[in-house]
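For reference, the structure is listed below as structure tokens.
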Number of protein chains: 2
Amino acid sequence: MTKPPAQIGDPIQDILTPALVVDLDSFEANLRKMASFASEAGIRLRPHAKTHKSADIALMQIAQGAVGVCCQKLSEAEALVAGGVPDVMISNQVVGIARLTRLAELAGKARLVVCVDDASATEALSAACQAVGSQIDVVVEIDVGQNRCGVAPGAPALELGRLVARLPNLRFAGVQAYHGSAQHYRSFAARRKAIDAVTEKTRSTVNLLAANGLACEVVGGAGTGTYAFEGTGGVYSEIQPGSYLFMDADYGRNLSEDGGAYAPFQNSLFVLATIMSKTQAGQAVSDAGHKSYALDSGMPLVRGCSDLEMVSCSDEHGVIRDPEDLLSLEDRVWLIPGHCDPTVNLHDWFVGVRGDRVETLWPVTARGCLV
Amino acid sequence: MTKPPAQIGDPIQDILTPALVVDLDSFEANLRKMASFASEAGIRLRPHAKTHKSADIALMQIAQGAVGVCCQKLSEAEALVAGGVPDVMISNQVVGIARLTRLAELAGKARLVVCVDDASATEALSAACQAVGSQIDVVVEIDVGQNRCGVAPGAPALELGRLVARLPNLRFAGVQAYHGSAQHYRSFAARRKAIDAVTEKTRSTVNLLAANGLACEVVGGAGTGTYAFEGTGGVYSEIQPGSYLFMDADYGRNLSEDGGAYAPFQNSLFVLATIMSKTQAGQAVSDAGHKSYALDSGMPLVRGCSDLEMVSCSDEHGVIRDPEDLLSLEDRVWLIPGHCDPTVNLHDWFVGVRGDRVETLWPVTARGCLV
């Protein structure tokens, strides 16, 4: 783990760059706003920790009413449980005897939920839990339009649910029904239409399971782009948004119902960068390249100045178009990453700032937890 | 730092995935081939450690004749020196008093070379070295076509070189003249033409400096796509390729002089992945998403099977088109990353394999060293 790029109490201008900086006022407003939504809608909130990978932040979410968190990988779940998180859903499949054994062991230490979409893998999970002597909650993932993992809604989900209910050391907990790409459909109407279809597939599956004696305590899914639909549709029992804490440039391109920017939450996450070279008119070069922010959803934006645009980047450099030559050597720029989740994964520390000071440092507990 | 995804002696099929795997036979062949080239061409080899970020690998390169290594960041240099590397060039600018002080301190522990492209930053470097009592070698970076950092060739380089030579605790060591984007020009002729122009700008600058009493011990640059040009052109004194050790899908798209694939080196670096979901005909889903490989140079390729193509990915999933349904749950696929350097930076461990066994584990010493 690298050294933190700042110390608590440092003035912001002393943070070494590139650094992953959280504006705590905005962050806390986001944290509260989603908690309030869930509370008012009467729906359980299980935020997705794949975004922040932080036990500290997970515990803050739980302190504000979340029932637990989600993550994507076994090793993330291990890191979160080791950090004191008592209730974790791996919203993903886990395969292979070595991983299943670790998962079964972890299920003895915290409440664990995991997804399945295959009969033989479910049998292997049951065997691993029997060998270890633990019990695990299992949800059947249904493919509601993402075309990735999950069995088809309806009869295939019932068949797998029955297997889960029958196998030793597994507890049938419900279904997982997440449509990731719908989060980023730009128009409000397209997102609503997609989630209407998702909700119908989920409803009919939940009803089929119930009619066959399998009650779904967990009906999980939803993300930052669509949580209000699943959260109020009467079918889901828990919503699993992650990005709402931080937001990013890509969510900033979503539109709201009135056609304006979709901005229910504030940008609270930035890559702070320093101008390290300024030898040409019209551009400046920052010390933050794509080893400090992810590019899967496009280039970072420069906060607060429409004249400045990052036009290219390489591993350790970001070239900023600066037609008015506003930037000088050692100036700071605050970059809004294209996609928050994989950007966080490039850093070891969140530097939390308020006013002009560093107020907190949180380790990225599960950074690099790929297994 | 995460746990290694395997133990030495493990069979390959027991490596937990996603894992960063090095085929040691190919790796060693690449290591030897570049060392032989440099030896035969009579040019110093200073491989770029931004690719591997590993003190172990840097020391292997030095054992085979390299004069030292390059890196891009101060904190990378600190990690490499702490790992025993005796001679490091930061082929980049370092700005700000806090970083310059650390750099000056590091220059007391190993031979350090750093680039400058600004007079005031050079004065600050000199002041930092005076304060600490260390001496540092300085090269003037010239912009030979990358349009990023560096002063213009010719008179501006002379002016900055004179400043370096005049300032206390700095030793003028020469020039850095690297054209990064030319490495990836697809046609051999385009790469040669670009480097011919680069070499001419460098030659005239070196001559101008020499005519003014400033001898360039270091004339540095070149990468895996063009090293043979700089290495034999009579102007450069050292070449700084990095990717040759591993290669990647992007270098695989370069062409050689005869129009075939540019393949002076072998692919030795892979992201090993496991099929974790197989619920639809025609595709399979692996457990390796873009938190385990960089996307800046496109999607990974699936080694050894032209029928399999990764068609989409998200943070933790890679969807592989599999028209013949060749893949089953728990099958392994070997992915060739689009770009080796930022892919390595996503992992904590290299898993070195030979035959059917894990032979070695190298930590990615400077992973996440952004500052």
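Naming scheme: A, B, ... for chains in displayed order of the structure tokens; residues 1 onward per chain; ligands 1 onward as shown.
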
Using only C-alpha atoms, determine which residues of chain A fall within 7 Å of chain B; present them as a JSON list (two decimals) with N, CA, C and O atoms, in the first residue's frame.
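Written out: part_35.json:
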[["chain", "number", "residue", "atom", "x", "y", "z"],
["A", 1, "MET", "N", 0.85, -1.21, 0.00],
["A", 1, "MET", "CA", 0.00, 0.00, 0.00],
["A", 1, "MET", "C", 0.88, 1.26, 0.00],
["A", 1, "MET", "O", 1.82, 1.36, 0.79],
["A", 2, "THR", "N", 0.56, 2.18, -0.87],
["A", 2, "THR", "CA", 1.38, 3.39, -0.97],
["A", 2, "THR", "C", 1.10, 4.32, 0.23],
["A", 2, "THR", "O", 0.09, 4.18, 0.91],
["A", 16, "LEU", "N", -0.42, 15.84, -2.14],
["A", 16, "LEU", "CA", 0.40, 15.41, -3.28],
["A", 16, "LEU", "C", -0.52, 14.81, -4.34],
["A", 16, "LEU", "O", -1.53, 14.17, -4.02],
["A", 17, "THR", "N", -0.16, 14.99, -5.58],
["A", 17, "THR", "CA", -1.04, 14.58, -6.67],
["A", 17, "THR", "C", -0.32, 13.59, -7.58],
["A", 17, "THR", "O", 0.91, 13.54, -7.57],
["A", 18, "PRO", "N", -1.11, 12.82, -8.36],
["A", 18, "PRO", "CA", -2.58, 12.74, -8.38],
["A", 18, "PRO", "C", -3.10, 12.08, -7.10],
["A", 18, "PRO", "O", -2.50, 11.14, -6.59],
["A", 93, "GLN", "N", -21.73, -14.35, -9.36],
["A", 93, "GLN", "CA", -21.49, -15.78, -9.19],
["A", 93, "GLN", "C", -20.08, -16.01, -8.65],
["A", 93, "GLN", "O", -19.16, -15.27, -8.98],
["A", 94, "VAL", "N", -19.92, -17.06, -7.87],
["A", 94, "VAL", "CA", -18.60, -17.49, -7.40],
["A", 94, "VAL", "C", -18.45, -18.95, -7.84],
["A", 94, "VAL", "O", -19.32, -19.77, -7.56],
["A", 95, "VAL", "N", -17.35, -19.26, -8.55],
["A", 95, "VAL", "CA", -17.17, -20.63, -9.03],
["A", 95, "VAL", "C", -15.80, -21.17, -8.65],
["A", 95, "VAL", "O", -14.86, -20.41, -8.43],
["A", 96, "GLY", "N", -15.71, -22.49, -8.61],
["A", 96, "GLY", "CA", -14.43, -23.15, -8.34],
["A", 96, "GLY", "C", -14.31, -23.52, -6.87],
["A", 96, "GLY", "O", -14.66, -22.74, -5.98],
["A", 148, "ARG", "N", -26.10, -10.99, -19.70],
["A", 148, "ARG", "CA", -24.75, -11.31, -19.23],
["A", 148, "ARG", "C", -24.85, -12.56, -18.36],
["A", 148, "ARG", "O", -24.79, -13.65, -18.88],
["A", 149, "CYS", "N", -25.05, -12.41, -17.08],
["A", 149, "CYS", "CA", -25.22, -13.55, -16.19],
["A", 149, "CYS", "C", -26.71, -13.70, -15.86],
["A", 149, "CYS", "O", -27.53, -12.84, -16.17],
["A", 150, "GLY", "N", -27.03, -14.80, -15.18],
["A", 150, "GLY", "CA", -28.41, -14.99, -14.74],
["A", 150, "GLY", "C", -29.16, -15.97, -15.63],
["A", 150, "GLY", "O", -28.93, -16.05, -16.83],
["A", 151, "VAL", "N", -30.08, -16.71, -15.00],
["A", 151, "VAL", "CA", -30.96, -17.58, -15.78],
["A", 151, "VAL", "C", -32.14, -16.75, -16.30],
["A", 151, "VAL", "O", -32.37, -15.63, -15.85],
["A", 276, "MET", "N", 2.25, 20.03, -14.49],
["A", 276, "MET", "CA", 3.68, 19.68, -14.34],
["A", 276, "MET", "C", 4.52, 20.14, -15.51],
["A", 276, "MET", "O", 5.76, 20.10, -15.42],
["A", 277, "SER", "N", 3.88, 20.56, -16.60],
["A", 277, "SER", "CA", 4.65, 21.03, -17.76],
["A", 277, "SER", "C", 3.77, 22.02, -18.51],
["A", 277, "SER", "O", 2.57, 21.79, -18.73],
["A", 279, "THR", "N", 4.83, 24.15, -21.67],
["A", 279, "THR", "CA", 5.84, 24.65, -22.61],
["A", 279, "THR", "C", 5.23, 25.13, -23.92],
["A", 279, "THR", "O", 5.96, 25.65, -24.76],
["A", 285, "VAL", "N", 0.00, 20.48, -19.30],
["A", 285, "VAL", "CA", 0.07, 19.04, -19.06],
["A", 285, "VAL", "C", 0.00, 18.78, -17.56],
["A", 285, "VAL", "O", 0.79, 19.33, -16.78],
["A", 291, "LYS", "N", -3.39, 6.07, -15.39],
["A", 291, "LYS", "CA", -3.12, 5.22, -14.23],
["A", 291, "LYS", "C", -3.79, 5.79, -12.98],
["A", 291, "LYS", "O", -3.77, 5.16, -11.92],
["A", 295, "LEU", "N", -10.75, 5.03, -18.02],
["A", 295, "LEU", "CA", -11.17, 5.61, -19.30],
["A", 295, "LEU", "C", -12.36, 4.89, -19.92],
["A", 295, "LEU", "O", -12.80, 5.27, -21.01],
["A", 296, "ASP", "N", -12.89, 3.85, -19.28],
["A", 296, "ASP", "CA", -13.94, 3.06, -19.91],
["A", 296, "ASP", "C", -15.18, 3.88, -20.24],
["A", 296, "ASP", "O", -15.94, 3.53, -21.14],
["A", 315, "ASP", "N", -0.41, 7.21, -19.81],
["A", 315, "ASP", "CA", -0.36, 6.58, -18.49],
["A", 315, "ASP", "C", -0.25, 7.60, -17.36],
["A", 315, "ASP", "O", -0.93, 7.49, -16.34],
["A", 330, "GLU", "N", 2.44, 24.16, -11.65],
["A", 330, "GLU", "CA", 2.06, 23.92, -10.25],
["A", 330, "GLU", "C", 0.62, 24.29, -9.93],
["A", 330, "GLU", "O", 0.18, 24.09, -8.80],
["A", 342, "PRO", "N", -14.13, 2.16, -11.28],
["A", 342, "PRO", "CA", -12.77, 1.71, -11.59],
["A", 342, "PRO", "C", -11.71, 2.78, -11.31],
["A", 342, "PRO", "O", -10.53, 2.45, -11.17],
["A", 346, "LEU", "N", -7.99, 2.43, -8.59],
["A", 346, "LEU", "CA", -6.60, 2.77, -8.93],
["A", 346, "LEU", "C", -5.87, 3.43, -7.77],
["A", 346, "LEU", "O", -4.67, 3.71, -7.88],
["A", 347, "HIS", "N", -6.59, 3.70, -6.69],
["A", 347, "HIS", "CA", -6.00, 4.47, -5.58],
["A", 347, "HIS", "C", -6.02, 3.65, -4.29],
["A", 347, "HIS", "O", -6.89, 2.82, -4.09],
["A", 368, "GLY", "N", -8.00, -3.60, -5.58],
["A", 368, "GLY", "CA", -7.27, -4.70, -6.20],
["A", 368, "GLY", "C", -7.78, -6.09, -5.83],
["A", 368, "GLY", "O", -7.17, -7.07, -6.22],
["A", 369, "CYS", "N", -8.90, -6.16, -5.12],
["A", 369, "CYS", "CA", -9.47, -7.48, -4.76],
["A", 369, "CYS", "C", -10.22, -8.03, -5.96],
["A", 369, "CYS", "O", -11.41, -7.76, -6.14],
["A", 370, "LEU", "N", -9.52, -8.79, -6.78],
["A", 370, "LEU", "CA", -10.06, -9.26, -8.04],
["A", 370, "LEU", "C", -10.64, -10.66, -7.95],
["A", 370, "LEU", "O", -11.49, -11.03, -8.76],
["A", 371, "VAL", "N", -10.16, -11.44, -7.01],
["A", 371, "VAL", "CA", -10.50, -12.88, -6.99],
["A", 371, "VAL", "C", -11.92, -13.10, -6.52],
["A", 371, "VAL", "O", -12.32, -12.53, -5.50]]

- Message: Would you compute the distance between CA of Ala165 (chain B) and CA of Leu214 (chain B)? Give it in Å to one decimal.
- Response: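 Rounded to one decimal, the two atoms are 8.0 Å apart.
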
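The residue that comes closest to Ser39 (chain B), out of B:Gly65, B:Pro300, B:Pro264, B:Pro156 and on the basis of only C-alpha atoms, is B:Gly65.
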
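In terms of minimum interatomic distance to Leu301 (chain B), B:Ala249 ranks closest within B:Ala249, B:Val81, B:Leu272, B:Val206, counting only C-alpha atoms.
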
- Query: Can you tell me how far CA of Phe270 (chain A) sits from CA of Gln183 (chain A), in Å to one decimal?
  - Reply: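 CA of Gln183 (chain A) lies at a distance of 21.2 Å from CA of Phe270 (chain A).
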
- DSSP strand (DSSP E or B) residues within region 54-111 of chain B, listed as a ChimeraX atom specification: /B:69-71,87-90,111

- Task: Have a look at A:Glu105, A:Leu163, A:Cys305, A:Ala194 and name the one nearest to Gln146 (chain A); count only C-alpha atoms.
- Result: A:Ala194

- Message: So that I can see what lies close to Arg102 (chain A), please list as a list in words the residues with an atom at most 10 Å from it, counting only C-alpha atoms and leaving out residues fewer than 5 positions away in the same chain.
- Response: Leu74, Ser75, Glu78, Ile97, Ala107, Ala128, Cys129 and Val132 of chain A

- Non-local contacts of Met247 (chain B) (12 Å; only C-alpha atoms; under 2 positions in same chain excluded) as a ChimeraX atom specification: /B:22-23,26-27,30-31,51-52,223-225,241-245,249-254,262-270,336-341,343-344

- Using only C-alpha atoms, which residue out of B:Ser306, B:Arg166, B:Trp334, B:Gly108 lies closest to Asp322 (chain B)?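 Nearest to Asp322 (chain B): B:Ser306.
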
- Task: Determine which residues of region 97-335 of chain B DSSP labels as alpha helix (DSSP H) from the backbone of this structure, then write them out as a PyMOL selection string.
- Result: chain B and resi 97-106+119-132+155-166+188-211+227-232

- Message: Excluding Asp307 (chain A) and its own-chain neighbours fewer than 4 positions away, which residues fall within 8 Å of it when counting only C-alpha atoms? Please give them as a ChimeraX atom specification.
- Response: /A:321-324

For those residues, write all heavy atoms to a file as a compact mmCIF listing (two decimals), in the first residue's frame.
# COMPACT_ATOMS: atom_id res chain seq x y z
N ARG A 321 -6.43 21.17 -23.00
CA ARG A 321 -6.54 22.30 -23.93
C ARG A 321 -6.85 23.54 -23.11
O ARG A 321 -7.80 23.54 -22.30
CB ARG A 321 -7.64 22.03 -24.96
CG ARG A 321 -7.57 22.90 -26.20
CD ARG A 321 -8.62 22.47 -27.21
NE ARG A 321 -9.96 22.59 -26.66
CZ ARG A 321 -10.69 23.71 -26.68
NH1 ARG A 321 -10.23 24.81 -27.25
NH2 ARG A 321 -11.90 23.72 -26.14
N ASP A 322 -6.08 24.57 -23.30
CA ASP A 322 -6.16 25.76 -22.45
C ASP A 322 -5.97 26.98 -23.35
O ASP A 322 -4.94 27.65 -23.33
CB ASP A 322 -5.03 25.66 -21.39
CG ASP A 322 -4.94 26.87 -20.49
OD1 ASP A 322 -5.91 27.66 -20.44
OD2 ASP A 322 -3.88 27.04 -19.85
N PRO A 323 -7.00 27.27 -24.17
CA PRO A 323 -6.83 28.27 -25.23
C PRO A 323 -6.46 29.65 -24.70
O PRO A 323 -5.78 30.42 -25.40
CB PRO A 323 -8.19 28.30 -25.94
CG PRO A 323 -9.15 27.62 -25.02
CD PRO A 323 -8.35 26.68 -24.18
N GLU A 324 -6.89 29.96 -23.49
CA GLU A 324 -6.58 31.28 -22.92
C GLU A 324 -5.31 31.25 -22.07
O GLU A 324 -4.99 32.26 -21.41
CB GLU A 324 -7.75 31.76 -22.06
CG GLU A 324 -9.11 31.76 -22.76
CD GLU A 324 -9.18 32.80 -23.87
OE1 GLU A 324 -8.54 33.86 -23.73
OE2 GLU A 324 -9.86 32.52 -24.88

- Item | Selection: 10 Å around Ala82 (chain B), only C-alpha atoms, excl. self and same-chain fewer than 2 positions, as a PyMOL selection string | chain B and resi 55+76-80+84-86+106+109-110+365

Would you mind exporting N, CA and C atoms of the selected residues as a PDB file, in the first residue's frame?
ATOM      1  N   ALA B  55      10.874  -4.165  -8.834  1.00  0.00           N
ATOM      2  CA  ALA B  55      12.302  -4.136  -8.526  1.00  0.00           C
ATOM      3  C   ALA B  55      12.967  -5.448  -8.948  1.00  0.00           C
ATOM      4  N   GLU B  76       7.570   6.040  -7.804  1.00  0.00           N
ATOM      5  CA  GLU B  76       8.083   4.823  -8.450  1.00  0.00           C
ATOM      6  C   GLU B  76       9.586   4.698  -8.215  1.00  0.00           C
ATOM      7  N   ALA B  77      10.289   5.814  -8.391  1.00  0.00           N
ATOM      8  CA  ALA B  77      11.746   5.794  -8.189  1.00  0.00           C
ATOM      9  C   ALA B  77      12.067   5.419  -6.750  1.00  0.00           C
ATOM     10  N   GLU B  78      11.310   5.972  -5.806  1.00  0.00           N
ATOM     11  CA  GLU B  78      11.548   5.636  -4.394  1.00  0.00           C
ATOM     12  C   GLU B  78      11.363   4.141  -4.152  1.00  0.00           C
ATOM     13  N   ALA B  79      10.303   3.578  -4.742  1.00  0.00           N
ATOM     14  CA  ALA B  79      10.026   2.146  -4.535  1.00  0.00           C
ATOM     15  C   ALA B  79      11.116   1.284  -5.177  1.00  0.00           C
ATOM     16  N   LEU B  80      11.597   1.694  -6.338  1.00  0.00           N
ATOM     17  CA  LEU B  80      12.630   0.905  -7.020  1.00  0.00           C
ATOM     18  C   LEU B  80      13.956   0.992  -6.267  1.00  0.00           C
ATOM     19  N   GLY B  84      16.404  -1.898  -4.196  1.00  0.00           N
ATOM     20  CA  GLY B  84      17.791  -2.217  -4.521  1.00  0.00           C
ATOM     21  C   GLY B  84      18.277  -1.775  -5.893  1.00  0.00           C
ATOM     22  N   VAL B  85      17.453  -1.053  -6.630  1.00  0.00           N
ATOM     23  CA  VAL B  85      17.869  -0.619  -7.971  1.00  0.00           C
ATOM     24  C   VAL B  85      18.802   0.588  -7.811  1.00  0.00           C
ATOM     25  N   PRO B  86      20.034   0.508  -8.358  1.00  0.00           N
ATOM     26  CA  PRO B  86      21.030   1.527  -8.028  1.00  0.00           C
ATOM     27  C   PRO B  86      21.032   2.756  -8.934  1.00  0.00           C
ATOM     28  N   LEU B 106      16.271  11.344  -2.249  1.00  0.00           N
ATOM     29  CA  LEU B 106      16.495  10.073  -2.942  1.00  0.00           C
ATOM     30  C   LEU B 106      17.819  10.097  -3.707  1.00  0.00           C
ATOM     31  N   LYS B 109      20.758   8.560  -2.231  1.00  0.00           N
ATOM     32  CA  LYS B 109      20.758   7.108  -1.985  1.00  0.00           C
ATOM     33  C   LYS B 109      21.063   6.255  -3.211  1.00  0.00           C
ATOM     34  N   ALA B 110      20.980   6.854  -4.397  1.00  0.00           N
ATOM     35  CA  ALA B 110      21.197   6.097  -5.634  1.00  0.00           C
ATOM     36  C   ALA B 110      21.563   7.109  -6.710  1.00  0.00           C
ATOM     37  N   THR B 365       6.127  -3.978  -7.306  1.00  0.00           N
ATOM     38  CA  THR B 365       6.713  -3.118  -6.261  1.00  0.00           C
ATOM     39  C   THR B 365       6.109  -1.712  -6.227  1.00  0.00           C
TER      40      THR B 365
END

- Query: Between CA of Ile195 (chain A) and CA of Ala119 (chain A), what is the distance, to one decimal in Å?
  - Reply: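 Taking CA of Ile195 (chain A) and CA of Ala119 (chain A), their separation equals 27.5 Å.
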
- Message: List as a list in words the protein and nucleic acid residues near Gly355 (chain A), meaning an atom at most 10 Å away when only C-alpha atoms are counted, but skip any in the same chain fewer than 3 places from it.
- Response: Pro11, Ile12, Asp23, Leu24, Asp25, Val358 and Glu359 of chain A
